[in-house]
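Enquirer: This is the content of structure-v5.cif (mmCIF, C-alpha atoms and all ligand atoms):
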data_upload
#
loop_
_atom_site.label_atom_id
_atom_site.label_comp_id
_atom_site.auth_asym_id
_atom_site.auth_seq_id
_atom_site.Cartn_x
_atom_site.Cartn_y
_atom_site.Cartn_z
CA MET A 1 0.00 0.00 0.00
CA SER A 2 1.20 3.55 -0.76
CA SER A 3 -0.07 6.63 1.02
CA LEU A 4 0.06 10.35 0.38
CA LEU A 5 -0.91 13.32 2.54
CA ILE A 6 -1.58 16.80 1.18
CA THR A 7 -1.61 19.44 3.94
CA ASN A 8 -2.25 23.16 4.39
CA GLY A 9 -4.02 23.62 1.05
CA TYR A 10 -6.99 25.83 0.21
CA LEU A 11 -9.36 23.02 -0.71
CA VAL A 12 -12.06 23.51 -3.33
CA THR A 13 -13.72 20.15 -2.83
CA LEU A 14 -16.60 20.33 -5.36
CA ASP A 15 -18.18 17.70 -3.11
CA GLU A 16 -21.90 17.41 -2.41
CA ALA A 17 -21.79 20.20 0.18
CA ASN A 18 -19.48 22.27 -2.07
CA ARG A 19 -17.07 22.77 0.85
CA PHE A 20 -14.25 25.29 0.73
CA ILE A 21 -11.64 24.56 3.41
CA ALA A 22 -9.09 27.34 3.93
CA ASN A 23 -6.50 25.13 5.61
CA GLY A 24 -7.30 21.58 4.60
CA SER A 25 -5.68 18.20 4.20
CA ILE A 26 -6.36 15.16 2.06
CA TYR A 27 -5.21 11.67 2.93
CA ILE A 28 -4.83 9.18 0.07
CA GLU A 29 -4.18 5.45 0.03
CA ASN A 30 -3.28 3.80 -3.28
CA ASN A 31 -5.64 5.26 -5.93
CA HIS A 32 -8.30 6.69 -3.67
CA ILE A 33 -9.05 9.54 -1.30
CA ILE A 34 -9.64 8.28 2.24
CA GLU A 35 -10.13 11.46 4.26
CA VAL A 36 -10.68 15.18 3.60
CA GLY A 37 -10.98 17.94 6.21
CA GLU A 38 -9.35 20.70 8.24
CA SER A 39 -5.61 20.10 8.56
CA SER A 40 -5.90 20.24 12.34
CA ALA A 41 -8.41 17.39 12.30
CA ILE A 42 -6.48 14.96 10.10
CA GLN A 43 -3.80 13.22 12.11
CA ARG A 44 -2.19 10.89 9.61
CA THR A 45 1.30 9.90 8.59
CA ALA A 46 1.98 8.90 5.02
CA ASP A 47 4.77 7.71 2.73
CA ARG A 48 4.94 11.23 1.38
CA THR A 49 3.55 14.57 2.55
CA ILE A 50 3.02 17.50 0.20
CA ASP A 51 2.78 20.90 1.87
CA ALA A 52 0.30 22.80 -0.34
CA ARG A 53 0.67 26.05 1.60
CA GLY A 54 0.02 29.01 -0.69
CA SER A 55 -1.86 26.92 -3.24
CA LEU A 56 -5.35 25.92 -4.17
CA VAL A 57 -6.16 22.20 -4.21
CA MET A 58 -9.00 20.99 -6.42
CA PRO A 59 -10.11 17.94 -8.40
CA GLY A 60 -8.19 17.16 -11.60
CA LEU A 61 -9.82 18.39 -14.80
CA ILE A 62 -11.49 16.16 -17.39
CA ASN A 63 -11.19 16.60 -21.16
CA ALA A 64 -14.33 15.11 -22.70
CA HIS A 65 -13.16 15.10 -26.34
CA HIS A 66 -9.59 15.07 -27.60
CA HIS A 67 -7.63 13.91 -30.63
CA LEU A 68 -4.22 13.22 -29.14
CA TYR A 69 -2.70 12.48 -32.57
CA SER A 70 -3.22 16.10 -33.60
CA THR A 71 -0.21 17.11 -31.45
CA PHE A 72 2.15 16.79 -34.38
CA ALA A 73 0.12 19.31 -36.40
CA ARG A 74 1.19 22.18 -34.18
CA GLY A 75 2.82 24.79 -36.41
CA PHE A 76 2.02 22.91 -39.62
CA SER A 77 0.33 24.54 -42.61
CA PRO A 78 -0.86 22.16 -45.31
CA PRO A 79 0.69 22.71 -48.72
CA GLY A 80 -1.28 24.46 -51.47
CA SER A 81 -4.08 26.95 -51.14
CA PRO A 82 -5.70 27.34 -47.72
CA ALA A 83 -8.81 25.35 -46.83
CA HIS A 84 -11.93 27.37 -47.53
CA ASN A 85 -14.44 25.18 -45.78
CA PHE A 86 -14.76 22.29 -43.35
CA GLU A 87 -14.52 19.56 -45.99
CA GLU A 88 -11.27 21.05 -47.28
CA THR A 89 -9.92 21.34 -43.72
CA LEU A 90 -10.47 17.61 -43.29
CA GLN A 91 -9.05 16.71 -46.69
CA LYS A 92 -6.05 19.04 -46.75
CA LEU A 93 -4.98 18.68 -43.13
CA TRP A 94 -6.50 16.11 -40.80
CA TRP A 95 -7.00 13.20 -43.19
CA LYS A 96 -3.47 13.64 -44.55
CA LEU A 97 -1.96 13.97 -41.10
CA ASP A 98 -3.66 10.91 -39.63
CA MET A 99 -2.75 8.88 -42.75
CA ALA A 100 0.92 9.82 -42.31
CA LEU A 101 1.16 8.46 -38.75
CA ASP A 102 2.94 5.20 -38.05
CA SER A 103 2.46 3.34 -34.82
CA ASP A 104 5.44 5.02 -33.07
CA ASP A 105 4.01 8.40 -34.09
CA VAL A 106 0.71 7.41 -32.49
CA TYR A 107 2.55 6.64 -29.25
CA TYR A 108 4.73 9.75 -29.20
CA SER A 109 2.01 12.20 -30.21
CA ALA A 110 -0.20 10.81 -27.44
CA LEU A 111 2.65 10.88 -24.94
CA LEU A 112 3.44 14.52 -25.65
CA ALA A 113 -0.21 15.56 -25.57
CA LEU A 114 -0.76 13.78 -22.25
CA MET A 115 2.36 15.35 -20.74
CA ASP A 116 0.97 18.75 -21.69
CA ALA A 117 -2.49 17.81 -20.40
CA VAL A 118 -1.29 16.72 -16.98
CA LYS A 119 0.82 19.88 -16.65
CA ALA A 120 -2.43 21.79 -17.18
CA GLY A 121 -4.10 19.84 -14.36
CA CYS A 122 -6.00 17.36 -16.52
CA THR A 123 -6.25 13.82 -15.15
CA THR A 124 -8.84 12.12 -17.41
CA VAL A 125 -8.99 12.30 -21.21
CA ILE A 126 -11.66 10.93 -23.54
CA ASP A 127 -9.88 10.43 -26.87
CA HIS A 128 -11.07 9.85 -30.42
CA HIS A 129 -8.35 8.37 -32.59
CA ALA A 130 -7.61 7.78 -36.29
CA SER A 131 -4.43 6.47 -37.96
CA PRO A 132 -5.48 4.65 -41.16
CA SER A 133 -1.94 3.45 -42.00
CA CYS A 134 -1.69 1.56 -38.70
CA VAL A 135 -5.22 0.87 -37.47
CA ASP A 136 -4.68 -2.47 -35.74
CA GLY A 137 -3.17 -2.05 -32.31
CA SER A 138 -3.17 1.76 -32.51
CA LEU A 139 -5.26 2.04 -29.35
CA ASP A 140 -2.65 -0.08 -27.53
CA GLN A 141 -0.04 2.55 -28.44
CA ILE A 142 -2.25 5.23 -26.92
CA GLU A 143 -2.86 3.08 -23.87
CA ARG A 144 0.92 2.74 -23.45
CA ALA A 145 1.20 6.55 -23.43
CA PHE A 146 -1.59 6.83 -20.82
CA ARG A 147 0.11 4.27 -18.60
CA ASP A 148 3.53 5.91 -19.01
CA VAL A 149 2.15 9.30 -17.95
CA GLY A 150 -0.40 7.95 -15.45
CA LEU A 151 -3.75 9.47 -16.48
CA SER A 152 -7.09 7.74 -17.02
CA GLY A 153 -8.23 7.37 -20.62
CA CYS A 154 -11.34 6.41 -22.53
CA LEU A 155 -10.30 5.44 -26.06
CA SER A 156 -12.08 4.78 -29.33
CA TYR A 157 -11.11 4.44 -32.99
CA GLU A 158 -13.08 6.62 -35.38
CA VAL A 159 -14.61 4.17 -37.86
CA SER A 160 -15.27 5.54 -41.34
CA ASP A 161 -15.59 4.45 -44.95
CA ARG A 162 -13.30 7.16 -46.24
CA ASN A 163 -10.40 4.78 -47.05
CA ARG A 164 -11.87 1.31 -46.72
CA GLU A 165 -15.40 0.21 -45.84
CA GLY A 166 -15.77 -0.25 -42.10
CA GLU A 167 -12.16 0.69 -41.32
CA GLY A 168 -11.61 0.57 -37.57
CA ILE A 169 -14.55 -1.66 -36.60
CA GLU A 170 -12.29 -4.53 -35.55
CA GLU A 171 -9.96 -2.22 -33.65
CA ASN A 172 -12.87 -0.88 -31.58
CA GLU A 173 -14.15 -4.38 -30.90
CA ARG A 174 -10.71 -5.65 -29.91
CA TRP A 175 -10.09 -2.65 -27.63
CA ILE A 176 -13.48 -2.86 -25.91
CA ARG A 177 -12.94 -6.55 -25.16
CA LYS A 178 -9.38 -5.90 -23.94
CA CYS A 179 -10.57 -3.17 -21.57
CA ARG A 180 -13.21 -5.46 -20.14
CA GLU A 181 -10.65 -8.20 -19.59
CA SER A 182 -7.80 -6.10 -18.16
CA GLY A 183 -10.22 -4.33 -15.85
CA ASP A 184 -7.88 -2.26 -13.65
CA GLY A 185 -10.08 0.81 -14.20
CA GLN A 186 -7.46 3.13 -15.67
CA MET A 187 -8.62 2.65 -19.25
CA SER A 188 -12.11 2.46 -20.68
CA ALA A 189 -13.67 2.20 -24.12
CA LEU A 190 -16.36 3.53 -26.39
CA PHE A 191 -17.17 2.45 -29.93
CA GLY A 192 -15.80 5.29 -32.06
CA MET A 193 -17.16 6.51 -35.38
CA HIS A 194 -16.11 9.56 -37.39
CA ALA A 195 -19.41 11.18 -38.50
CA LEU A 196 -22.43 10.24 -40.60
CA MET A 197 -20.92 11.98 -43.66
CA THR A 198 -18.24 9.24 -43.86
CA LEU A 199 -20.34 6.26 -42.72
CA GLY A 200 -22.38 4.10 -45.12
CA THR A 201 -25.38 2.03 -44.11
CA LYS A 202 -23.49 -1.26 -44.01
CA THR A 203 -20.79 0.15 -41.72
CA LEU A 204 -23.37 1.70 -39.40
CA GLU A 205 -25.23 -1.62 -39.22
CA ARG A 206 -22.09 -3.62 -38.44
CA SER A 207 -20.84 -1.07 -35.89
CA ALA A 208 -24.17 -0.89 -34.12
CA GLU A 209 -24.54 -4.65 -34.03
CA ILE A 210 -21.11 -5.17 -32.43
CA ALA A 211 -21.47 -2.28 -29.96
CA HIS A 212 -24.90 -3.52 -28.90
CA VAL A 213 -23.62 -7.05 -28.32
CA LEU A 214 -20.81 -5.56 -26.22
CA ASP A 215 -23.27 -3.23 -24.48
CA THR A 216 -21.11 -0.17 -25.04
CA GLY A 217 -21.83 3.43 -26.03
CA PHE A 218 -20.53 5.36 -29.04
CA HIS A 219 -18.26 8.37 -29.48
CA VAL A 220 -19.11 10.18 -32.71
CA HIS A 221 -19.06 13.66 -34.29
CA ALA A 222 -22.58 14.92 -35.06
CA ALA A 223 -23.57 17.94 -37.17
CA GLU A 224 -20.23 19.67 -36.69
CA ASP A 225 -20.80 21.43 -40.01
CA GLU A 226 -23.74 21.85 -42.39
CA ILE A 227 -22.14 19.40 -44.82
CA ASP A 228 -22.83 16.51 -42.40
CA VAL A 229 -26.50 17.55 -42.24
CA ARG A 230 -26.81 18.09 -46.00
CA LEU A 231 -25.14 14.84 -47.10
CA THR A 232 -27.16 12.79 -44.62
CA MET A 233 -30.37 14.31 -45.95
CA GLU A 234 -29.37 13.92 -49.62
CA ARG A 235 -28.23 10.31 -49.26
CA HIS A 236 -30.75 8.97 -46.79
CA GLY A 237 -33.54 11.56 -46.46
CA ARG A 238 -32.93 11.73 -42.71
CA GLN A 239 -31.91 14.37 -40.22
CA ILE A 240 -28.77 13.62 -38.21
CA MET A 241 -30.35 12.40 -34.98
CA ASP A 242 -33.02 10.39 -36.81
CA ARG A 243 -30.31 8.61 -38.77
CA PHE A 244 -28.43 7.81 -35.56
CA GLN A 245 -31.68 6.67 -33.97
CA ASP A 246 -32.32 4.31 -36.93
CA PHE A 247 -29.29 2.32 -35.72
CA GLY A 248 -29.92 2.58 -31.98
CA ILE A 249 -26.87 4.77 -31.43
CA PRO A 250 -28.21 7.37 -28.94
CA GLY A 251 -28.16 6.31 -25.29
CA GLU A 252 -26.81 7.03 -21.84
CA LYS A 253 -23.29 5.87 -22.66
CA THR A 254 -23.08 7.63 -26.03
CA VAL A 255 -21.07 10.82 -26.54
CA PHE A 256 -22.12 12.98 -29.48
CA VAL A 257 -19.61 15.70 -30.33
CA HIS A 258 -20.37 19.30 -31.45
CA GLY A 259 -24.08 19.09 -32.43
CA SER A 260 -23.80 22.62 -33.79
CA HIS A 261 -26.50 22.15 -36.41
CA LEU A 262 -29.00 20.07 -34.47
CA ASP A 263 -32.51 21.54 -34.20
CA ALA A 264 -34.81 21.68 -31.18
CA ARG A 265 -36.46 18.34 -31.98
CA GLU A 266 -33.08 16.64 -32.26
CA MET A 267 -32.00 18.14 -28.93
CA GLU A 268 -35.15 16.69 -27.45
CA LEU A 269 -34.10 13.31 -28.83
CA LEU A 270 -30.71 13.70 -27.14
CA ASN A 271 -32.53 14.40 -23.92
CA SER A 272 -35.11 11.61 -24.17
CA THR A 273 -32.40 9.02 -24.89
CA GLY A 274 -30.13 10.32 -22.09
CA SER A 275 -27.31 10.91 -24.59
CA MET A 276 -24.31 13.15 -23.87
CA LEU A 277 -23.18 16.08 -25.99
CA VAL A 278 -19.65 17.49 -25.89
CA ASN A 279 -18.97 20.95 -27.28
CA ASN A 280 -15.56 22.25 -28.36
CA PRO A 281 -15.76 26.03 -28.71
CA GLU A 282 -12.15 26.83 -29.58
CA SER A 283 -12.12 24.17 -32.28
CA ASN A 284 -15.37 25.39 -33.88
CA MET A 285 -14.10 28.97 -33.90
CA ASN A 286 -10.73 27.92 -35.31
CA ASN A 287 -12.47 26.13 -38.17
CA GLY A 288 -14.73 29.11 -38.84
CA LEU A 289 -17.76 26.98 -37.97
CA LYS A 290 -20.91 27.60 -36.03
CA VAL A 291 -20.20 27.07 -32.31
CA SER A 292 -22.35 24.54 -30.45
CA PRO A 293 -25.40 26.26 -28.93
CA ILE A 294 -24.69 25.24 -25.35
CA LEU A 295 -27.47 27.25 -23.75
CA ASP A 296 -30.04 25.55 -26.01
CA PHE A 297 -28.67 22.13 -25.08
CA LEU A 298 -28.89 23.00 -21.40
CA GLN A 299 -32.43 24.27 -21.88
CA HIS A 300 -33.31 20.88 -23.33
CA ASP A 301 -31.70 19.28 -20.29
CA VAL A 302 -29.00 17.54 -22.34
CA LEU A 303 -25.91 16.46 -20.37
CA THR A 304 -23.49 18.88 -22.06
CA GLY A 305 -19.74 18.64 -21.59
CA VAL A 306 -16.68 20.31 -23.06
CA GLY A 307 -13.53 19.14 -24.79
CA THR A 308 -10.59 20.58 -26.67
CA ASP A 309 -10.95 18.58 -29.92
CA GLY A 310 -7.15 18.52 -30.10
CA MET A 311 -6.85 22.32 -29.98
CA SER A 312 -5.01 22.62 -26.67
CA PRO A 313 -4.34 20.89 -23.36
CA HIS A 314 -6.06 23.67 -21.39
CA MET A 315 -9.54 22.92 -20.14
CA ILE A 316 -10.20 26.16 -18.25
CA SER A 317 -9.59 28.11 -21.45
CA GLN A 318 -12.43 26.09 -23.05
CA ALA A 319 -14.79 27.32 -20.34
CA ARG A 320 -13.63 30.88 -21.04
CA ALA A 321 -14.18 30.37 -24.76
CA MET A 322 -17.70 29.03 -24.11
CA TYR A 323 -18.99 32.00 -22.19
CA LEU A 324 -17.08 34.63 -24.15
CA HIS A 325 -18.46 33.29 -27.40
CA GLN A 326 -22.04 33.24 -26.12
CA ARG A 327 -21.78 36.82 -24.86
CA ALA A 328 -20.21 38.12 -28.05
CA GLU A 329 -22.71 36.30 -30.26
CA GLN A 330 -25.79 37.33 -28.32
CA ARG A 331 -24.48 40.79 -27.30
CA ASP A 332 -25.47 39.99 -23.73
CA PRO A 333 -23.05 40.45 -20.80
CA THR A 334 -25.30 38.54 -18.37
CA ILE A 335 -25.20 35.04 -19.87
CA ALA A 336 -23.28 31.77 -19.90
CA PHE A 337 -20.73 32.44 -17.14
CA VAL A 338 -22.09 30.05 -14.53
CA GLU A 339 -23.15 27.56 -17.18
CA ALA A 340 -19.65 27.40 -18.69
CA CYS A 341 -18.10 26.67 -15.29
CA ARG A 342 -20.69 24.02 -14.50
CA ILE A 343 -20.18 22.35 -17.85
CA LEU A 344 -16.45 22.11 -17.17
CA LEU A 345 -16.56 21.05 -13.53
CA GLU A 346 -19.88 19.25 -13.03
CA ASN A 347 -20.99 17.97 -16.42
CA ASN A 348 -17.60 16.68 -17.52
CA ARG A 349 -17.47 14.84 -14.22
CA SER A 350 -20.91 13.31 -14.85
CA ILE A 351 -19.79 12.22 -18.32
CA ALA A 352 -16.59 10.62 -17.00
CA ASN A 353 -18.51 8.90 -14.24
CA ARG A 354 -20.71 7.21 -16.84
CA LEU A 355 -17.66 5.95 -18.74
CA PHE A 356 -15.37 4.85 -15.89
CA ASN A 357 -16.14 2.68 -12.88
CA GLU A 358 -14.18 4.71 -10.32
CA PRO A 359 -15.94 7.96 -9.29
CA ARG A 360 -13.93 11.13 -9.79
CA GLY A 361 -14.25 14.91 -9.89
CA ALA A 362 -14.61 15.74 -6.18
CA LEU A 363 -12.33 15.84 -3.14
CA ALA A 364 -14.23 13.38 -0.99
CA PRO A 365 -13.65 9.96 0.58
CA GLY A 366 -14.03 7.13 -1.93
CA GLN A 367 -13.22 9.30 -4.94
CA LEU A 368 -10.33 8.53 -7.27
CA ALA A 369 -7.34 10.57 -6.11
CA ASP A 370 -7.19 12.86 -9.16
CA ILE A 371 -6.07 16.24 -7.87
CA MET A 372 -4.51 19.44 -9.21
CA ILE A 373 -2.59 21.95 -7.11
CA PRO A 374 -2.30 25.22 -9.01
CA ASP A 375 0.02 27.97 -7.82
CA TYR A 376 -2.87 30.24 -6.95
CA LEU A 377 -4.11 31.93 -3.86
CA PRO A 378 -6.38 34.89 -4.46
CA PHE A 379 -5.97 38.34 -2.96
CA THR A 380 -9.77 38.67 -2.96
CA PRO A 381 -12.25 36.46 -1.06
CA LEU A 382 -12.58 32.86 -2.26
CA THR A 383 -15.94 31.29 -1.48
CA ALA A 384 -18.59 29.25 -3.24
CA ASP A 385 -20.00 32.55 -4.54
CA THR A 386 -16.72 33.85 -5.97
CA PHE A 387 -15.02 30.65 -7.11
CA TYR A 388 -16.13 30.78 -10.76
CA GLY A 389 -14.65 34.26 -11.07
CA HIS A 390 -11.35 32.95 -9.74
CA LEU A 391 -11.58 29.97 -12.07
CA LEU A 392 -12.02 31.98 -15.24
CA PHE A 393 -9.96 35.08 -14.45
CA GLY A 394 -7.21 33.72 -12.21
CA LEU A 395 -6.85 29.95 -12.33
CA SER A 396 -6.94 29.96 -16.11
CA TYR A 397 -3.50 31.58 -16.05
CA ALA A 398 -2.02 29.85 -13.02
CA ARG A 399 0.90 27.43 -13.30
CA VAL A 400 0.03 23.95 -12.10
CA ARG A 401 2.49 23.08 -9.40
CA THR A 402 1.46 19.49 -8.74
CA THR A 403 -0.88 17.04 -10.40
CA ILE A 404 -1.85 13.77 -8.76
CA ALA A 405 -3.52 11.14 -10.94
CA ARG A 406 -4.82 7.87 -9.55
CA GLY A 407 -3.00 8.61 -6.29
CA ARG A 408 0.41 9.08 -7.91
CA VAL A 409 2.29 12.37 -8.05
CA ILE A 410 2.65 12.87 -11.80
CA VAL A 411 3.59 16.56 -11.93
CA ASP A 412 5.93 17.55 -9.11
CA GLU A 413 6.83 21.25 -8.90
CA GLY A 414 6.07 21.59 -12.60
CA ARG A 415 8.18 18.62 -13.72
CA LEU A 416 7.36 15.02 -14.61
CA PRO A 417 9.83 13.06 -12.47
CA GLN A 418 8.92 9.64 -13.87
CA LEU A 419 9.60 10.58 -17.49
CA ASP A 420 12.67 11.82 -19.34
CA GLU A 421 10.91 14.87 -20.74
CA ASP A 422 13.86 16.21 -22.69
CA ALA A 423 14.47 12.88 -24.43
CA ILE A 424 10.78 12.51 -25.29
CA ARG A 425 10.56 16.03 -26.67
CA ALA A 426 13.71 15.40 -28.72
CA ARG A 427 12.19 12.23 -30.21
CA CYS A 428 9.03 14.14 -31.07
CA ALA A 429 11.04 16.95 -32.62
CA GLU A 430 12.65 14.34 -34.91
CA ARG A 431 9.39 12.61 -35.84
CA ALA A 432 7.15 15.59 -36.54
CA PRO A 433 9.13 17.02 -39.51
CA ARG A 434 9.18 13.56 -41.10
CA ILE A 435 5.41 13.44 -40.88
CA TRP A 436 5.15 16.91 -42.36
CA ASP A 437 7.41 15.77 -45.24
CA ARG A 438 5.14 12.80 -45.92
CA ILE A 439 2.16 15.16 -46.27
CA GLN A 440 3.80 17.47 -48.85
ZN ZN B 1 -13.30 15.87 -32.80
#
Please, can you express the file's structure as structure tokens?
Ligand SMILES: [Zn+2]
Expert:
Amino acid sequence: MSSLLITNGYLVTLDEANRFIANGSIYIENNHIIEVGESSAIQRTADRTIDARGSLVMPGLINAHHHLYSTFARGFSPPGSPAHNFEETLQKLWWKLDMALDSDDVYYSALLALMDAVKAGCTTVIDHHASPSCVDGSLDQIERAFRDVGLSGCLSYEVSDRNREGEGIEENERWIRKCRESGDGQMSALFGMHALMTLGTKTLERSAEIAHVLDTGFHVHAAEDEIDVRLTMERHGRQIMDRFQDFGIPGEKTVFVHGSHLDAREMELLNSTGSMLVNNPESNMNNGLKVSPILDFLQHDVLTGVGTDGMSPHMISQARAMYLHQRAEQRDPTIAFVEACRILLENNRSIANRLFNEPRGALAPGQLADIMIPDYLPFTPLTADTFYGHLLFGLSYARVRTTIARGRVIVDEGRLPQLDEDAIRARCAERAPRIWDRIQ
């Protein structure tokens, strides 16, 4: 058994009572939190004690939609004329990049992205992967990166017909079965699919049949751009959510991503089936696309989360982007602030807790010991009433001093002591230009 004690921190527990403890301690054994309270009340000794004096202590953040492989695109501009629309963005950049990855690239791009994520206080990542030149076993490479860094991951391969009919179905099936069998809780699985615009009827039927036999949910882009809506209507005479419903894809374990062009009736269908919807505001804005209408989703009582879609490792900046976008678009300075914070802290937690067996997202006994300690103590009052202001205006720019994932200290005073960061970054710096060359 290993034990860890965090003392003298300003605890933001996000527990059921939403307790803020000005001088608090947390006692951890193995992967889980055992005790939380005033430092004076917790008399424990542990293998290691972290003095969090001068810092906030809060639950680790959750990224509800990522593409770890996109790491190697940072700084890259596709050759030729710039993409003018979403379809060209996929064709000129993402589908060339993912095709150029070999299985070592899959590992290293995930490793680098997860190192960045954990340094930004993120401890759980829900990933959506594609690497058509090395489909089989690609999710094992990503798993290896998760285990090397120490975070929890929910993985899926994005099935599509764009290169080969049903590409990725077997990889999802294999991964889901492996997760069930290994069963240590760190990794989980969803059945991944790209989007209806790249999925034919036969592939949808096969995917749905396998996922239903395995009793798993799906992870799929939905109505990210109008082209997905238009092609689905032209080819099948169906709206997006109706088409998904035809194959039994909505449900309580299914994550739909974006949903920017879903109408009120489709949102109602998300709600009535208990499906989850993850928005990615920075990604939509970067692509010049309509941003997911988060307030409409919330009004329809849809469990709405937030991800980065590969844009960045920073989750708090996604919450900023959510509310800033809503205010700019609707010219209303009163909206979306509280909702954006709740989406990040409460809804992402609810999503993760549907996909993983171990509960997380609060500092409370029995919870997974996923904790971030940012270098931040405010010079103005910090209470339940003021916390969201600190989150979006202060914590968003704070350095993360320590990150604990699954009870292990992963980031220690800003460094990753279990990994040779310089060597990994050097390997990545060698690999990325080779990938860029392959895309020219
Ligand atoms: Zn995505």
Enquirer: As a list in words, please: every protein or nucleic acid residue near ligand ZN 1 (chain B) (cut-off 10 Å, counting all atoms listed in the file).
Expert: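 Going residue by residue within 10 Å of ligand ZN 1 (chain B), we get His65, His66, His67, Asp127, His128, His129, Glu158, His194, Ala195, His219, Val220, His221, Ala222, Glu224, Phe256, Val257, His258, Val278, Asn279, Asn280, Ser283, Asn284, Gly307, Thr308, Asp309, Gly310 and Met311 of chain A.
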Enquirer: Distance CA of Gln330 in chain A-CA of Lys290 in chain A, one decimal place?
Expert: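 Going from CA of Gln330 in chain A over to CA of Lys290 in chain A, I get 13.3 Å.
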Enquirer: Just to confirm, what's the straight-line distance from CA of Gly217 in chain A to CA of Leu190 in chain A in Å (one decimal)?
Expert: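 One can read the CA of Gly217 in chain A to CA of Leu190 in chain A distance as 5.5 Å.
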Enquirer: Please, what distance in Å, to one decimal, runs between CA of Leu363 in chain A and CA of Gly24 in chain A?
Expert: 10.9 Å
Enquirer: Taking 2 positions as the minimum chain separation for residues in the same chain, which residues sit within 10 Å of Trp175 in chain A when counting all atoms listed in the file? Answer as a list in words.
Expert: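 Returned residues: Asp136, Gly137, Ser138, Leu139, Asp140, Glu143, Leu155, Ser156, Tyr157, Glu170, Glu171, Asn172, Glu173, Arg177, Lys178, Cys179, Arg180, Glu181, Ser188, Ala189, Leu190 and Phe191 of chain A.
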Enquirer: For Gly305 in chain A, please output as a PDB file with C-alpha atoms, keeping the file's coordinate frame all residues within 6 Å (counting all atoms listed in the file; exclusion window: fewer than 2 positions along the same chain).
Expert:
ATOM      1  CA  VAL A 278     -19.650  17.490 -25.890  1.00  0.00           C
ATOM      2  CA  ILE A 343     -20.180  22.350 -17.850  1.00  0.00           C
ATOM      3  CA  ASN A 347     -20.990  17.970 -16.420  1.00  0.00           C
ATOM      4  CA  ASN A 348     -17.600  16.680 -17.520  1.00  0.00           C
TER       5      ASN A 348
END
Enquirer: Show which residues sit within 10 Å of range 200-213 of chain A, as a list in words. Count only C-alpha atoms, and ignore same-chain residues fewer than 4 positions away.
Expert: Val159, Ser160, Asp161, Arg162, Glu165, Gly166, Glu167, Gly168, Ile169, Glu170, Asn172, Glu173, Ile176, Leu190, Phe191, Gly192, Met193, Leu196, Gly217, Phe218, Thr232, Arg235, His236, Arg243, Phe244, Asp246, Phe247, Gly248 and Ile249 of chain A
Enquirer: Write the residues of the selection above to a file with C-alpha atoms, as an mmCIF file, in the frame of the given file.
Expert:
data_model
loop_
_atom_site.group_PDB
_atom_site.id
_atom_site.type_symbol
_atom_site.label_atom_id
_atom_site.label_comp_id
_atom_site.auth_asym_id
_atom_site.auth_seq_id
_atom_site.Cartn_x
_atom_site.Cartn_y
_atom_site.Cartn_z
ATOM 1 C CA VAL A 159 -14.610 4.170 -37.860
ATOM 2 C CA SER A 160 -15.270 5.540 -41.340
ATOM 3 C CA ASP A 161 -15.590 4.450 -44.950
ATOM 4 C CA ARG A 162 -13.300 7.160 -46.240
ATOM 5 C CA GLU A 165 -15.400 0.210 -45.840
ATOM 6 C CA GLY A 166 -15.770 -0.250 -42.100
ATOM 7 C CA GLU A 167 -12.160 0.690 -41.320
ATOM 8 C CA GLY A 168 -11.610 0.570 -37.570
ATOM 9 C CA ILE A 169 -14.550 -1.660 -36.600
ATOM 10 C CA GLU A 170 -12.290 -4.530 -35.550
ATOM 11 C CA ASN A 172 -12.870 -0.880 -31.580
ATOM 12 C CA GLU A 173 -14.150 -4.380 -30.900
ATOM 13 C CA ILE A 176 -13.480 -2.860 -25.910
ATOM 14 C CA LEU A 190 -16.360 3.530 -26.390
ATOM 15 C CA PHE A 191 -17.170 2.450 -29.930
ATOM 16 C CA GLY A 192 -15.800 5.290 -32.060
ATOM 17 C CA MET A 193 -17.160 6.510 -35.380
ATOM 18 C CA LEU A 196 -22.430 10.240 -40.600
ATOM 19 C CA GLY A 217 -21.830 3.430 -26.030
ATOM 20 C CA PHE A 218 -20.530 5.360 -29.040
ATOM 21 C CA THR A 232 -27.160 12.790 -44.620
ATOM 22 C CA ARG A 235 -28.230 10.310 -49.260
ATOM 23 C CA HIS A 236 -30.750 8.970 -46.790
ATOM 24 C CA ARG A 243 -30.310 8.610 -38.770
ATOM 25 C CA PHE A 244 -28.430 7.810 -35.560
ATOM 26 C CA ASP A 246 -32.320 4.310 -36.930
ATOM 27 C CA PHE A 247 -29.290 2.320 -35.720
ATOM 28 C CA GLY A 248 -29.920 2.580 -31.980
ATOM 29 C CA ILE A 249 -26.870 4.770 -31.430
#
Enquirer: Using only C-alpha atoms, which protein or nucleic acid residues come within 8 Å of Gly37 in chain A? Drop anything in the same chain fewer than 3 positions from it, and give the result as a PDB file with C-alpha atoms, in the frame of the given file.
Expert:
ATOM      1  CA  ILE A  21     -11.640  24.560   3.410  1.00  0.00           C
ATOM      2  CA  GLY A  24      -7.300  21.580   4.600  1.00  0.00           C
ATOM      3  CA  SER A  25      -5.680  18.200   4.200  1.00  0.00           C
ATOM      4  CA  ILE A  26      -6.360  15.160   2.060  1.00  0.00           C
ATOM      5  CA  ALA A  41      -8.410  17.390  12.300  1.00  0.00           C
ATOM      6  CA  ILE A  42      -6.480  14.960  10.100  1.00  0.00           C
TER       7      ILE A  42
END
Enquirer: Excluding Leu269 in chain A and any residue of its chain fewer than 2 positions from it, enumerate the residues within 10 Å of it, using all atoms listed in the file, and give them as an MDAnalysis selection string.
Expert: chainID A and resid 241:242 245 250:251 263:267 271:275 300 302
